[in-house]
file coords-v3.cif (mmCIF, C-alpha atoms and all ligand atoms)
data_my_file
loop_
_atom_site.group_PDB
_atom_site.id
_atom_site.type_symbol
_atom_site.label_atom_id
_atom_site.label_comp_id
_atom_site.auth_asym_id
_atom_site.auth_seq_id
_atom_site.Cartn_x
_atom_site.Cartn_y
_atom_site.Cartn_z
ATOM 1 C CA MET A 1396 -101.499 -51.655 -62.470
ATOM 2 C CA PRO A 1397 -98.640 -49.549 -61.072
ATOM 3 C CA LEU A 1398 -99.608 -46.721 -58.705
ATOM 4 C CA PRO A 1399 -99.881 -43.306 -60.403
ATOM 5 C CA LYS A 1400 -96.810 -41.367 -59.350
ATOM 6 C CA ALA A 1401 -94.584 -38.371 -60.053
ATOM 7 C CA GLU A 1402 -90.882 -38.855 -60.704
ATOM 8 C CA LEU A 1403 -88.823 -36.078 -59.109
ATOM 9 C CA HIS A 1404 -85.268 -37.377 -59.336
ATOM 10 C CA LEU A 1405 -84.344 -38.498 -62.821
ATOM 11 C CA HIS A 1406 -81.278 -37.579 -64.864
ATOM 12 C CA ILE A 1407 -82.261 -37.736 -68.526
ATOM 13 C CA GLU A 1408 -78.685 -38.694 -69.495
ATOM 14 C CA GLY A 1409 -79.036 -41.581 -67.044
ATOM 15 C CA THR A 1410 -81.841 -43.064 -69.144
ATOM 16 C CA LEU A 1411 -79.474 -43.830 -72.026
ATOM 17 C CA GLU A 1412 -79.917 -47.577 -72.524
ATOM 18 C CA PRO A 1413 -77.036 -49.510 -74.178
ATOM 19 C CA GLU A 1414 -79.111 -50.246 -77.302
ATOM 20 C CA LEU A 1415 -79.823 -46.547 -77.885
ATOM 21 C CA ALA A 1416 -76.193 -45.643 -77.060
ATOM 22 C CA PHE A 1417 -74.935 -47.969 -79.823
ATOM 23 C CA ARG A 1418 -77.560 -46.789 -82.308
ATOM 24 C CA LEU A 1419 -76.627 -43.123 -81.729
ATOM 25 C CA ALA A 1420 -72.894 -43.944 -81.790
ATOM 26 C CA GLU A 1421 -73.346 -45.503 -85.214
ATOM 27 C CA ARG A 1422 -75.493 -42.638 -86.521
ATOM 28 C CA ASN A 1423 -73.047 -39.994 -85.286
ATOM 29 C CA GLY A 1424 -69.819 -41.812 -86.120
ATOM 30 C CA VAL A 1425 -68.770 -41.922 -82.473
ATOM 31 C CA GLU A 1426 -66.414 -44.711 -81.418
ATOM 32 C CA LEU A 1427 -67.344 -46.442 -78.145
ATOM 33 C CA SER A 1428 -64.734 -48.382 -76.186
ATOM 34 C CA TYR A 1429 -67.074 -51.381 -75.822
ATOM 35 C CA ALA A 1430 -67.616 -54.044 -78.490
ATOM 36 C CA ASP A 1431 -71.371 -54.396 -78.040
ATOM 37 C CA THR A 1432 -74.290 -53.876 -75.649
ATOM 38 C CA GLU A 1433 -73.330 -57.039 -73.782
ATOM 39 C CA ALA A 1434 -69.798 -55.769 -73.106
ATOM 40 C CA LEU A 1435 -71.193 -52.400 -72.098
ATOM 41 C CA ARG A 1436 -73.642 -53.910 -69.616
ATOM 42 C CA HIS A 1437 -70.723 -55.695 -67.977
ATOM 43 C CA ALA A 1438 -69.233 -52.279 -67.189
ATOM 44 C CA TYR A 1439 -72.281 -51.454 -65.044
ATOM 45 C CA ARG A 1440 -70.606 -52.654 -61.855
ATOM 46 C CA PHE A 1441 -69.856 -49.628 -59.788
ATOM 47 C CA GLU A 1442 -67.696 -49.119 -56.704
ATOM 48 C CA ASP A 1443 -69.081 -45.722 -55.774
ATOM 49 C CA LEU A 1444 -70.552 -42.543 -57.258
ATOM 50 C CA GLN A 1445 -67.337 -41.558 -59.084
ATOM 51 C CA SER A 1446 -66.924 -44.903 -60.867
ATOM 52 C CA PHE A 1447 -70.493 -44.554 -62.154
ATOM 53 C CA LEU A 1448 -69.990 -40.933 -63.194
ATOM 54 C CA ASN A 1449 -66.948 -41.901 -65.289
ATOM 55 C CA LEU A 1450 -69.085 -44.180 -67.478
ATOM 56 C CA TYR A 1451 -72.062 -41.790 -67.426
ATOM 57 C CA TYR A 1452 -69.949 -38.940 -68.852
ATOM 58 C CA GLU A 1453 -68.170 -41.222 -71.317
ATOM 59 C CA LEU A 1454 -71.376 -42.557 -72.879
ATOM 60 C CA MET A 1455 -72.827 -39.071 -73.307
ATOM 61 C CA ALA A 1456 -70.454 -38.630 -76.247
ATOM 62 C CA VAL A 1457 -73.119 -40.261 -78.448
ATOM 63 C CA LEU A 1458 -75.592 -37.395 -77.793
ATOM 64 C CA ARG A 1459 -74.901 -34.753 -80.423
ATOM 65 C CA THR A 1460 -78.030 -33.475 -82.179
ATOM 66 C CA GLU A 1461 -81.503 -32.231 -81.262
ATOM 67 C CA GLN A 1462 -82.863 -35.487 -82.625
ATOM 68 C CA ASP A 1463 -80.614 -37.473 -80.262
ATOM 69 C CA PHE A 1464 -81.947 -35.614 -77.220
ATOM 70 C CA GLU A 1465 -85.506 -35.955 -78.515
ATOM 71 C CA GLU A 1466 -85.176 -39.719 -78.944
ATOM 72 C CA LEU A 1467 -83.551 -40.068 -75.517
ATOM 73 C CA ALA A 1468 -86.386 -38.177 -73.797
ATOM 74 C CA ASP A 1469 -89.121 -39.861 -75.809
ATOM 75 C CA ALA A 1470 -87.799 -43.331 -74.924
ATOM 76 C CA TYR A 1471 -87.691 -42.382 -71.224
ATOM 77 C CA LEU A 1472 -91.231 -40.959 -71.259
ATOM 78 C CA ALA A 1473 -92.615 -44.118 -72.880
ATOM 79 C CA ARG A 1474 -90.979 -46.304 -70.229
ATOM 80 C CA ALA A 1475 -92.023 -43.964 -67.412
ATOM 81 C CA ALA A 1476 -95.652 -43.952 -68.586
ATOM 82 C CA ALA A 1477 -95.695 -47.757 -68.559
ATOM 83 C CA GLN A 1478 -94.555 -47.608 -64.916
ATOM 84 C CA GLY A 1479 -97.377 -45.322 -63.772
ATOM 85 C CA VAL A 1480 -95.458 -42.034 -63.979
ATOM 86 C CA ARG A 1481 -97.937 -39.209 -64.709
ATOM 87 C CA HIS A 1482 -95.568 -36.304 -64.083
ATOM 88 C CA ALA A 1483 -91.770 -36.120 -64.387
ATOM 89 C CA GLU A 1484 -89.373 -33.384 -63.245
ATOM 90 C CA ILE A 1485 -86.350 -34.099 -65.368
ATOM 91 C CA PHE A 1486 -82.728 -33.163 -64.629
ATOM 92 C CA PHE A 1487 -80.248 -32.408 -67.371
ATOM 93 C CA ASP A 1488 -76.509 -31.624 -67.206
ATOM 94 C CA PRO A 1489 -75.750 -28.886 -69.757
ATOM 95 C CA GLN A 1490 -72.096 -28.459 -68.717
ATOM 96 C CA ALA A 1491 -71.366 -32.048 -69.718
ATOM 97 C CA HIS A 1492 -72.637 -31.243 -73.218
ATOM 98 C CA LEU A 1493 -71.255 -27.722 -73.575
ATOM 99 C CA ALA A 1494 -67.802 -29.150 -72.774
ATOM 100 C CA ARG A 1495 -68.145 -31.431 -75.840
ATOM 101 C CA GLY A 1496 -69.191 -28.595 -78.124
ATOM 102 C CA VAL A 1497 -72.925 -29.349 -77.969
ATOM 103 C CA GLU A 1498 -74.818 -26.106 -77.462
ATOM 104 C CA MET A 1499 -77.399 -25.286 -74.802
ATOM 105 C CA GLY A 1500 -80.017 -24.752 -77.526
ATOM 106 C CA THR A 1501 -79.410 -28.205 -79.014
ATOM 107 C CA VAL A 1502 -79.940 -29.850 -75.639
ATOM 108 C CA ILE A 1503 -83.010 -27.882 -74.555
ATOM 109 C CA GLU A 1504 -84.755 -27.708 -77.933
ATOM 110 C CA GLY A 1505 -84.054 -31.391 -78.507
ATOM 111 C CA LEU A 1506 -85.469 -32.415 -75.134
ATOM 112 C CA TRP A 1507 -88.390 -30.081 -75.736
ATOM 113 C CA ARG A 1508 -89.368 -31.807 -78.958
ATOM 114 C CA ALA A 1509 -90.296 -34.791 -76.769
ATOM 115 C CA LEU A 1510 -91.415 -32.951 -73.616
ATOM 116 C CA GLY A 1511 -93.589 -30.450 -75.468
ATOM 117 C CA ARG A 1512 -95.924 -33.203 -76.715
ATOM 118 C CA SER A 1513 -95.518 -35.654 -73.844
ATOM 119 C CA VAL A 1514 -98.993 -35.126 -72.360
ATOM 120 C CA GLU A 1515 -100.486 -36.033 -75.734
ATOM 121 C CA THR A 1516 -98.102 -38.840 -76.648
ATOM 122 C CA HIS A 1517 -97.492 -40.435 -73.240
ATOM 123 C CA GLY A 1518 -99.953 -38.903 -70.755
ATOM 124 C CA VAL A 1519 -96.980 -37.583 -68.775
ATOM 125 C CA SER A 1520 -96.597 -33.910 -67.865
ATOM 126 C CA THR A 1521 -93.053 -32.659 -67.439
ATOM 127 C CA LYS A 1522 -90.801 -29.976 -66.037
ATOM 128 C CA LEU A 1523 -87.098 -29.421 -66.669
ATOM 129 C CA ILE A 1524 -84.510 -28.836 -63.950
ATOM 130 C CA MET A 1525 -81.067 -27.676 -65.055
ATOM 131 C CA CYS A 1526 -78.261 -29.052 -62.898
ATOM 132 C CA PHE A 1527 -74.897 -27.500 -62.157
ATOM 133 C CA LEU A 1528 -71.966 -29.921 -61.951
ATOM 134 C CA ARG A 1529 -70.571 -29.429 -58.448
ATOM 135 C CA ASP A 1530 -67.095 -30.671 -59.437
ATOM 136 C CA GLU A 1531 -66.901 -27.747 -61.882
ATOM 137 C CA SER A 1532 -66.202 -24.194 -60.695
ATOM 138 C CA ALA A 1533 -68.679 -21.702 -59.261
ATOM 139 C CA GLU A 1534 -67.857 -19.427 -62.226
ATOM 140 C CA SER A 1535 -68.797 -22.182 -64.655
ATOM 141 C CA ALA A 1536 -72.163 -22.579 -62.906
ATOM 142 C CA LEU A 1537 -72.826 -18.843 -63.293
ATOM 143 C CA ALA A 1538 -71.828 -18.973 -66.969
ATOM 144 C CA THR A 1539 -74.188 -21.938 -67.464
ATOM 145 C CA LEU A 1540 -77.047 -20.017 -65.909
ATOM 146 C CA ASP A 1541 -76.238 -17.154 -68.256
ATOM 147 C CA ALA A 1542 -76.279 -19.476 -71.283
ATOM 148 C CA ALA A 1543 -79.727 -20.709 -70.215
ATOM 149 C CA LYS A 1544 -81.289 -17.231 -70.171
ATOM 150 C CA PRO A 1545 -82.833 -17.502 -73.670
ATOM 151 C CA TYR A 1546 -84.616 -20.699 -72.537
ATOM 152 C CA LEU A 1547 -85.986 -19.704 -69.139
ATOM 153 C CA ASP A 1548 -89.574 -20.344 -70.262
ATOM 154 C CA ARG A 1549 -88.594 -24.014 -70.572
ATOM 155 C CA ILE A 1550 -86.760 -24.388 -67.278
ATOM 156 C CA THR A 1551 -88.560 -24.670 -63.935
ATOM 157 C CA GLY A 1552 -85.606 -24.888 -61.616
ATOM 158 C CA VAL A 1553 -81.963 -25.547 -60.933
ATOM 159 C CA GLY A 1554 -80.266 -28.496 -59.235
ATOM 160 C CA LEU A 1555 -76.779 -29.565 -58.187
ATOM 161 C CA ASP A 1556 -75.268 -32.941 -59.034
ATOM 162 C CA SER A 1557 -72.092 -34.935 -59.849
ATOM 163 C CA ALA A 1558 -69.266 -35.762 -57.395
ATOM 164 C CA GLU A 1559 -70.440 -34.604 -53.974
ATOM 165 C CA VAL A 1560 -67.649 -35.053 -51.437
ATOM 166 C CA GLY A 1561 -65.313 -32.042 -51.387
ATOM 167 C CA HIS A 1562 -67.822 -29.874 -53.240
ATOM 168 C CA PRO A 1563 -70.143 -28.498 -50.549
ATOM 169 C CA PRO A 1564 -73.261 -26.506 -51.402
ATOM 170 C CA VAL A 1565 -71.689 -23.255 -50.111
ATOM 171 C CA LYS A 1566 -69.569 -23.188 -53.302
ATOM 172 C CA PHE A 1567 -72.743 -22.462 -55.315
ATOM 173 C CA ARG A 1568 -74.324 -19.782 -53.170
ATOM 174 C CA GLU A 1569 -73.996 -17.072 -55.818
ATOM 175 C CA ALA A 1570 -75.317 -19.268 -58.619
ATOM 176 C CA TYR A 1571 -78.363 -20.189 -56.528
ATOM 177 C CA ASP A 1572 -78.971 -16.563 -55.536
ATOM 178 C CA ALA A 1573 -78.863 -15.650 -59.226
ATOM 179 C CA ALA A 1574 -81.209 -18.524 -60.117
ATOM 180 C CA ALA A 1575 -83.694 -17.443 -57.441
ATOM 181 C CA ALA A 1576 -83.577 -13.870 -58.772
ATOM 182 C CA LEU A 1577 -84.595 -15.281 -62.174
ATOM 183 C CA GLY A 1578 -87.632 -16.952 -60.585
ATOM 184 C CA LEU A 1579 -86.241 -20.488 -60.737
ATOM 185 C CA ARG A 1580 -87.105 -23.161 -58.162
ATOM 186 C CA ARG A 1581 -84.174 -24.732 -56.314
ATOM 187 C CA VAL A 1582 -83.205 -28.301 -55.403
ATOM 188 C CA ALA A 1583 -79.800 -29.925 -54.755
ATOM 189 C CA HIS A 1584 -78.271 -33.361 -54.324
ATOM 190 C CA ALA A 1585 -77.020 -33.576 -50.732
ATOM 191 C CA GLY A 1586 -76.290 -36.387 -48.306
ATOM 192 C CA GLU A 1587 -75.855 -39.019 -51.031
ATOM 193 C CA GLU A 1588 -72.170 -39.633 -50.276
ATOM 194 C CA GLY A 1589 -71.625 -36.326 -48.485
ATOM 195 C CA PRO A 1590 -72.255 -35.640 -44.783
ATOM 196 C CA PRO A 1591 -75.471 -34.330 -43.183
ATOM 197 C CA GLU A 1592 -73.778 -30.911 -42.963
ATOM 198 C CA TYR A 1593 -74.158 -30.630 -46.765
ATOM 199 C CA VAL A 1594 -77.930 -31.072 -46.364
ATOM 200 C CA VAL A 1595 -77.979 -28.258 -43.801
ATOM 201 C CA GLN A 1596 -75.954 -26.048 -46.159
ATOM 202 C CA ALA A 1597 -78.283 -26.764 -49.076
ATOM 203 C CA LEU A 1598 -81.241 -25.642 -46.968
ATOM 204 C CA ASP A 1599 -79.616 -22.646 -45.277
ATOM 205 C CA LEU A 1600 -77.331 -21.304 -48.009
ATOM 206 C CA LEU A 1601 -78.965 -22.382 -51.271
ATOM 207 C CA GLY A 1602 -82.615 -22.098 -50.190
ATOM 208 C CA VAL A 1603 -83.600 -25.424 -51.707
ATOM 209 C CA GLU A 1604 -87.193 -26.689 -51.508
ATOM 210 C CA ARG A 1605 -86.296 -30.377 -51.805
ATOM 211 C CA ILE A 1606 -83.225 -32.452 -51.042
ATOM 212 C CA ASP A 1607 -82.167 -34.976 -53.681
ATOM 213 C CA HIS A 1608 -81.192 -38.184 -51.876
ATOM 214 C CA GLY A 1609 -80.683 -36.760 -48.360
ATOM 215 C CA LEU A 1610 -80.033 -40.317 -47.228
ATOM 216 C CA ARG A 1611 -77.269 -39.442 -44.774
ATOM 217 C CA SER A 1612 -79.590 -37.003 -42.969
ATOM 218 C CA VAL A 1613 -80.501 -39.957 -40.766
ATOM 219 C CA GLU A 1614 -77.088 -39.639 -39.097
ATOM 220 C CA ASP A 1615 -78.069 -36.281 -37.558
ATOM 221 C CA PRO A 1616 -81.130 -36.392 -35.240
ATOM 222 C CA ALA A 1617 -81.439 -32.590 -35.085
ATOM 223 C CA LEU A 1618 -81.512 -32.449 -38.883
ATOM 224 C CA VAL A 1619 -84.136 -35.192 -39.052
ATOM 225 C CA GLU A 1620 -86.272 -33.234 -36.598
ATOM 226 C CA ARG A 1621 -85.949 -30.121 -38.767
ATOM 227 C CA LEU A 1622 -86.773 -31.982 -42.020
ATOM 228 C CA VAL A 1623 -89.856 -33.516 -40.380
ATOM 229 C CA ARG A 1624 -91.024 -30.207 -38.895
ATOM 230 C CA ASP A 1625 -90.583 -28.298 -42.165
ATOM 231 C CA ARG A 1626 -91.868 -31.193 -44.303
ATOM 232 C CA VAL A 1627 -88.838 -30.966 -46.586
ATOM 233 C CA PRO A 1628 -89.219 -33.599 -49.298
ATOM 234 C CA LEU A 1629 -86.381 -36.073 -49.843
ATOM 235 C CA THR A 1630 -86.108 -37.646 -53.297
ATOM 236 C CA LEU A 1631 -84.715 -41.059 -52.404
ATOM 237 C CA CYS A 1632 -83.398 -43.479 -55.034
ATOM 238 C CA PRO A 1633 -83.155 -46.930 -53.429
ATOM 239 C CA LEU A 1634 -81.800 -48.979 -56.358
ATOM 240 C CA SER A 1635 -79.227 -46.246 -57.011
ATOM 241 C CA ASN A 1636 -78.042 -46.457 -53.379
ATOM 242 C CA VAL A 1637 -77.468 -50.203 -53.743
ATOM 243 C CA ARG A 1638 -75.671 -49.961 -57.118
ATOM 244 C CA LEU A 1639 -73.422 -47.127 -55.903
ATOM 245 C CA ARG A 1640 -72.783 -49.011 -52.660
ATOM 246 C CA THR A 1641 -74.082 -46.271 -50.414
ATOM 247 C CA ILE A 1642 -75.797 -49.168 -48.641
ATOM 248 C CA ASP A 1643 -74.832 -52.840 -48.732
ATOM 249 C CA THR A 1644 -78.174 -54.322 -49.707
ATOM 250 C CA LEU A 1645 -81.672 -53.035 -50.275
ATOM 251 C CA ALA A 1646 -82.750 -54.786 -47.062
ATOM 252 C CA ASP A 1647 -80.524 -52.272 -45.198
ATOM 253 C CA HIS A 1648 -82.262 -49.236 -46.669
ATOM 254 C CA PRO A 1649 -83.457 -46.831 -43.937
ATOM 255 C CA LEU A 1650 -86.659 -45.949 -45.844
ATOM 256 C CA PRO A 1651 -89.040 -47.690 -43.398
ATOM 257 C CA ALA A 1652 -87.440 -45.947 -40.402
ATOM 258 C CA MET A 1653 -87.454 -42.635 -42.281
ATOM 259 C CA LEU A 1654 -91.188 -42.931 -42.972
ATOM 260 C CA GLU A 1655 -91.762 -43.977 -39.374
ATOM 261 C CA ALA A 1656 -89.883 -40.837 -38.233
ATOM 262 C CA GLY A 1657 -92.307 -38.717 -40.271
ATOM 263 C CA LEU A 1658 -89.936 -37.668 -43.064
ATOM 264 C CA MET A 1659 -91.532 -36.721 -46.369
ATOM 265 C CA CYS A 1660 -89.938 -39.389 -48.541
ATOM 266 C CA THR A 1661 -90.362 -39.986 -52.251
ATOM 267 C CA VAL A 1662 -89.004 -42.915 -54.292
ATOM 268 C CA ASN A 1663 -87.340 -42.271 -57.643
ATOM 269 C CA SER A 1664 -85.058 -43.908 -60.206
ATOM 270 C CA ASP A 1665 -82.074 -41.490 -60.576
ATOM 271 C CA ASP A 1666 -80.273 -43.099 -63.563
ATOM 272 C CA PRO A 1667 -82.523 -46.033 -64.433
ATOM 273 C CA ALA A 1668 -80.531 -47.329 -67.434
ATOM 274 C CA TYR A 1669 -77.530 -47.783 -65.138
ATOM 275 C CA PHE A 1670 -79.106 -48.808 -61.847
ATOM 276 C CA GLY A 1671 -81.438 -51.581 -62.933
ATOM 277 C CA GLY A 1672 -84.866 -50.064 -62.694
ATOM 278 C CA TYR A 1673 -87.338 -47.338 -63.596
ATOM 279 C CA ALA A 1674 -89.810 -45.678 -61.208
ATOM 280 C CA ASP A 1675 -92.133 -48.572 -60.479
ATOM 281 C CA ASP A 1676 -89.223 -51.028 -60.341
ATOM 282 C CA ASN A 1677 -88.003 -48.953 -57.377
ATOM 283 C CA PHE A 1678 -91.501 -48.936 -55.821
ATOM 284 C CA THR A 1679 -91.853 -52.697 -56.229
ATOM 285 C CA ALA A 1680 -88.349 -53.387 -54.898
ATOM 286 C CA VAL A 1681 -88.875 -51.414 -51.676
ATOM 287 C CA GLN A 1682 -92.348 -52.856 -51.155
ATOM 288 C CA GLN A 1683 -91.130 -56.427 -51.533
ATOM 289 C CA THR A 1684 -87.748 -56.167 -49.830
ATOM 290 C CA LEU A 1685 -88.645 -53.779 -47.015
ATOM 291 C CA GLY A 1686 -92.168 -55.067 -46.450
ATOM 292 C CA LEU A 1687 -93.900 -51.704 -46.765
ATOM 293 C CA THR A 1688 -97.677 -51.763 -46.384
ATOM 294 C CA GLU A 1689 -100.115 -50.711 -49.127
ATOM 295 C CA ASP A 1690 -100.778 -47.576 -47.061
ATOM 296 C CA ARG A 1691 -97.076 -46.701 -47.037
ATOM 297 C CA MET A 1692 -96.875 -47.259 -50.807
ATOM 298 C CA ARG A 1693 -99.821 -44.916 -51.334
ATOM 299 C CA GLU A 1694 -98.136 -42.385 -49.027
ATOM 300 C CA LEU A 1695 -95.012 -42.507 -51.227
ATOM 301 C CA ALA A 1696 -97.101 -41.966 -54.359
ATOM 302 C CA ARG A 1697 -99.071 -39.125 -52.749
ATOM 303 C CA ASN A 1698 -95.845 -37.497 -51.494
ATOM 304 C CA SER A 1699 -94.453 -37.511 -55.025
ATOM 305 C CA PHE A 1700 -97.259 -35.241 -56.248
ATOM 306 C CA LEU A 1701 -97.244 -33.051 -53.105
ATOM 307 C CA ALA A 1702 -93.466 -32.553 -53.399
ATOM 308 C CA SER A 1703 -93.630 -31.771 -57.125
ATOM 309 C CA PHE A 1704 -93.496 -28.289 -58.595
ATOM 310 C CA LEU A 1705 -96.974 -28.722 -60.081
ATOM 311 C CA GLU A 1706 -99.152 -25.808 -59.007
ATOM 312 C CA ASP A 1707 -102.474 -26.624 -57.292
ATOM 313 C CA ASP A 1708 -104.546 -25.370 -60.201
ATOM 314 C CA GLU A 1709 -102.127 -26.246 -62.974
ATOM 315 C CA PRO A 1710 -103.579 -28.195 -65.879
ATOM 316 C CA ARG A 1711 -101.403 -31.215 -66.639
ATOM 317 C CA ARG A 1712 -99.878 -29.868 -69.787
ATOM 318 C CA ALA A 1713 -96.252 -29.853 -70.789
ATOM 319 C CA ARG A 1714 -94.392 -26.801 -69.588
HETATM 320 C C1 LIG A 1801 -75.991 -38.775 -60.371
HETATM 321 CL CL1 LIG A 1801 -76.625 -40.796 -58.721
HETATM 322 C C2 LIG A 1801 -75.998 -39.248 -59.066
HETATM 323 N N1 LIG A 1801 -75.434 -38.525 -58.090
HETATM 324 C C3 LIG A 1801 -74.904 -37.353 -58.383
HETATM 325 N N2 LIG A 1801 -74.863 -36.852 -59.611
HETATM 326 C C4 LIG A 1801 -75.419 -37.553 -60.599
HETATM 327 N N3 LIG A 1801 -75.540 -37.298 -61.909
HETATM 328 C C5 LIG A 1801 -76.158 -38.330 -62.471
HETATM 329 N N4 LIG A 1801 -76.442 -39.239 -61.543
HETATM 330 ZN ZN ZN A 1802 -79.254 -38.010 -58.872
#
call {"tool": "encode", "arguments": {"input": "coords-v3.cif", "output": "structure tokens"}}
result
Amino acid sequence: MPLPKAELHLHIEGTLEPELAFRLAERNGVELSYADTEALRHAYRFEDLQSFLNLYYELMAVLRTEQDFEELADAYLARAAAQGVRHAEIFFDPQAHLARGVEMGTVIEGLWRALGRSVETHGVSTKLIMCFLRDESAESALATLDAAKPYLDRITGVGLDSAEVGHPPVKFREAYDAAAALGLRRVAHAGEEGPPEYVVQALDLLGVERIDHGLRSVEDPALVERLVRDRVPLTLCPLSNVRLRTIDTLADHPLPAMLEAGLMCTVNSDDPAYFGGYADDNFTAVQQTLGLTEDRMRELARNSFLASFLEDDEPRRAR
């Protein structure tokens, strides 16, 4: 039995499995540049974050209707439940859909058809986190926040993702201030490919409560000390780091040293359809390859709930 866990770093568009991509392409009359699922899977060899993002954005073209987003989320929740996930805080990338003429309401209402009954259907409670694409402009982020205003009861927080280097957190200060004023929680990807300075900026300028990835924090001892002292959760994604070549092999992952240093680490799947594993696949991989003890594995599972946006007295219902 997999350990009960919360998943805190999961891009719903990154759960699009090749089989579903082809089924939706057919249903929506969208032409894919791959002959079949086999050919598509061969494209899942990435050099870095950007080479992954190119395919990730290309495949999204098959997502067009509420039903598409519902089926995507429902398939993820079924897989997550089978891997011991009891609570999932799910990222989505509205700008990538708005740019293709798919409206905010289609995305959110479609996802909600699955999320709104997920406790009943899958035993998984959920929250939604809307991400800004950091390689788009600050103005576009503000416009996206504006477009989300009719749906604020369905959105728990905001995040920041896509191509990191050259797009520091400071660019999104206004958007994060505006999100905070609307009562939204804040997280951001930082220190995935970008330098530790981006982690510092995310904390100081964006007021984030968690750092997504944060892997490169280990290069800055003063930052590590601060993250330990303030118990800032890091949502690590070990299989993602290997596939995007942030590290050479899983055996090189600094997770054991990070736990030893007292960092509040969590283990997550990021884009599981692309990176070769869902939540428990990541847990199992780090346990086996890095030799983590049962106690450490339980610490990771416990951290995932502590670092979640679940309130202490919150019933586990979909929200
Ligand atoms: C992402 Cl792995 C990763 N990093 C940054 N942005 C992303 N969007 C989807 N997956
Ligand atoms: Zn991510």
call {"tool": "resolve_selection", "arguments": {"input": "coords-v3.cif", "expression": "the PyMOL selection byres (((not hetatm)) within 9 of (chain A and resi 1801))", "output": "NGL selection string"}}
result
:A and (1405-1409 or 1444-1445 or 1447-1448 or 1451-1452 or 1486-1488 or 1526 or 1528-1529 or 1555-1559 or 1584-1585 or 1587-1588 or 1607-1608 or 1632 or 1635-1636 or 1639 or 1665-1666 or 1670)
call {"tool": "residues_around", "arguments": {"input": "coords-v3.cif", "residues": "Ala1494 (chain A)", "least_positions_apart": "5", "cutoff": "12 Å", "atoms": "all atoms listed in the file", "output": "list of chain:residue names"}}
result
A:Tyr1452, A:Met1455, A:Ala1456, A:Arg1459, A:Asp1488, A:Pro1489, A:Met1499, A:Leu1528, A:Glu1531, A:Ser1535, A:Thr1539
call {"tool": "atom_distance", "arguments": {"input": "coords-v3.cif", "atom1": "atom ZN of ligand ZN 1802 (chain A)", "atom2": "CA of Arg1624 (chain A)"}}
result
24.5 Å
call {"tool": "closest_residue", "arguments": {"input": "coords-v3.cif", "among": "A:Leu1631, A:Leu1618, A:Leu1454, A:Leu1705", "to": "Phe1678 (chain A)", "atoms": "all atoms listed in the file"}}
result
A:Leu1631
call {"tool": "resolve_selection", "arguments": {"input": "coords-v3.cif", "expression": "the PyMOL selection byres (((chain A and resi 1513) around 12) and not hetatm)", "output": "number ranges by chain"}}
result
A: 1465, 1468-1473, 1475-1476, 1480-1483, 1506-1512, 1514-1522, 1711-1714
call {"tool": "atom_distance", "arguments": {"input": "coords-v3.cif", "atom1": "CA of Thr1432 (chain A)", "atom2": "CA of Asp1675 (chain A)"}}
result
24.0 Å
call {"tool": "resolve_selection", "arguments": {"input": "coords-v3.cif", "expression": "the PyMOL selection byres (((chain A and resi 1593-1597) around 8) and not hetatm)", "output": "list in words"}}
result
Pro1563, Pro1564, Val1565, Ala1583, Ala1585, Gly1586, Gly1589, Pro1590, Pro1591, Glu1592, Leu1598, Asp1599, Leu1600, Leu1601, Gly1602, Val1603, Ile1606, Gly1609, Ser1612 and Leu1618 of chain A
call {"tool": "write_last_selection", "arguments": {"input": "coords-v3.cif", "atoms": "C-alpha atoms", "output": "mmCIF file, keeping the file's coordinate frame"}}
result
data_model
loop_
_atom_site.group_PDB
_atom_site.id
_atom_site.type_symbol
_atom_site.label_atom_id
_atom_site.label_comp_id
_atom_site.auth_asym_id
_atom_site.auth_seq_id
_atom_site.Cartn_x
_atom_site.Cartn_y
_atom_site.Cartn_z
ATOM 1 C CA PRO A 1563 -70.143 -28.498 -50.549
ATOM 2 C CA PRO A 1564 -73.261 -26.506 -51.402
ATOM 3 C CA VAL A 1565 -71.689 -23.255 -50.111
ATOM 4 C CA ALA A 1583 -79.800 -29.925 -54.755
ATOM 5 C CA ALA A 1585 -77.020 -33.576 -50.732
ATOM 6 C CA GLY A 1586 -76.290 -36.387 -48.306
ATOM 7 C CA GLY A 1589 -71.625 -36.326 -48.485
ATOM 8 C CA PRO A 1590 -72.255 -35.640 -44.783
ATOM 9 C CA PRO A 1591 -75.471 -34.330 -43.183
ATOM 10 C CA GLU A 1592 -73.778 -30.911 -42.963
ATOM 11 C CA LEU A 1598 -81.241 -25.642 -46.968
ATOM 12 C CA ASP A 1599 -79.616 -22.646 -45.277
ATOM 13 C CA LEU A 1600 -77.331 -21.304 -48.009
ATOM 14 C CA LEU A 1601 -78.965 -22.382 -51.271
ATOM 15 C CA GLY A 1602 -82.615 -22.098 -50.190
ATOM 16 C CA VAL A 1603 -83.600 -25.424 -51.707
ATOM 17 C CA ILE A 1606 -83.225 -32.452 -51.042
ATOM 18 C CA GLY A 1609 -80.683 -36.760 -48.360
ATOM 19 C CA SER A 1612 -79.590 -37.003 -42.969
ATOM 20 C CA LEU A 1618 -81.512 -32.449 -38.883
#
call {"tool": "residues_around", "arguments": {"input": "coords-v3.cif", "residues": "Thr1661 (chain A)", "least_positions_apart": "5", "cutoff": "8 Å", "atoms": "all atoms listed in the file", "output": "list of chain:residue names"}}
result
A:Pro1628, A:Leu1629, A:Thr1630, A:Leu1631, A:Leu1695, A:Ala1696, A:Asn1698, A:Ser1699
call {"tool": "atom_distance", "arguments": {"input": "coords-v3.cif", "atom1": "CA of Arg1640 (chain A)", "atom2": "CA of Gly1561 (chain A)"}}
result
18.6 Å
call {"tool": "closest_residue", "arguments": {"input": "coords-v3.cif", "among": "A:Pro1545, A:Gly1500, A:Pro1397, A:Gly1554", "to": "ligand ZN 1802 (chain A)", "atoms": "all atoms listed in the file"}}
result
A:Gly1554
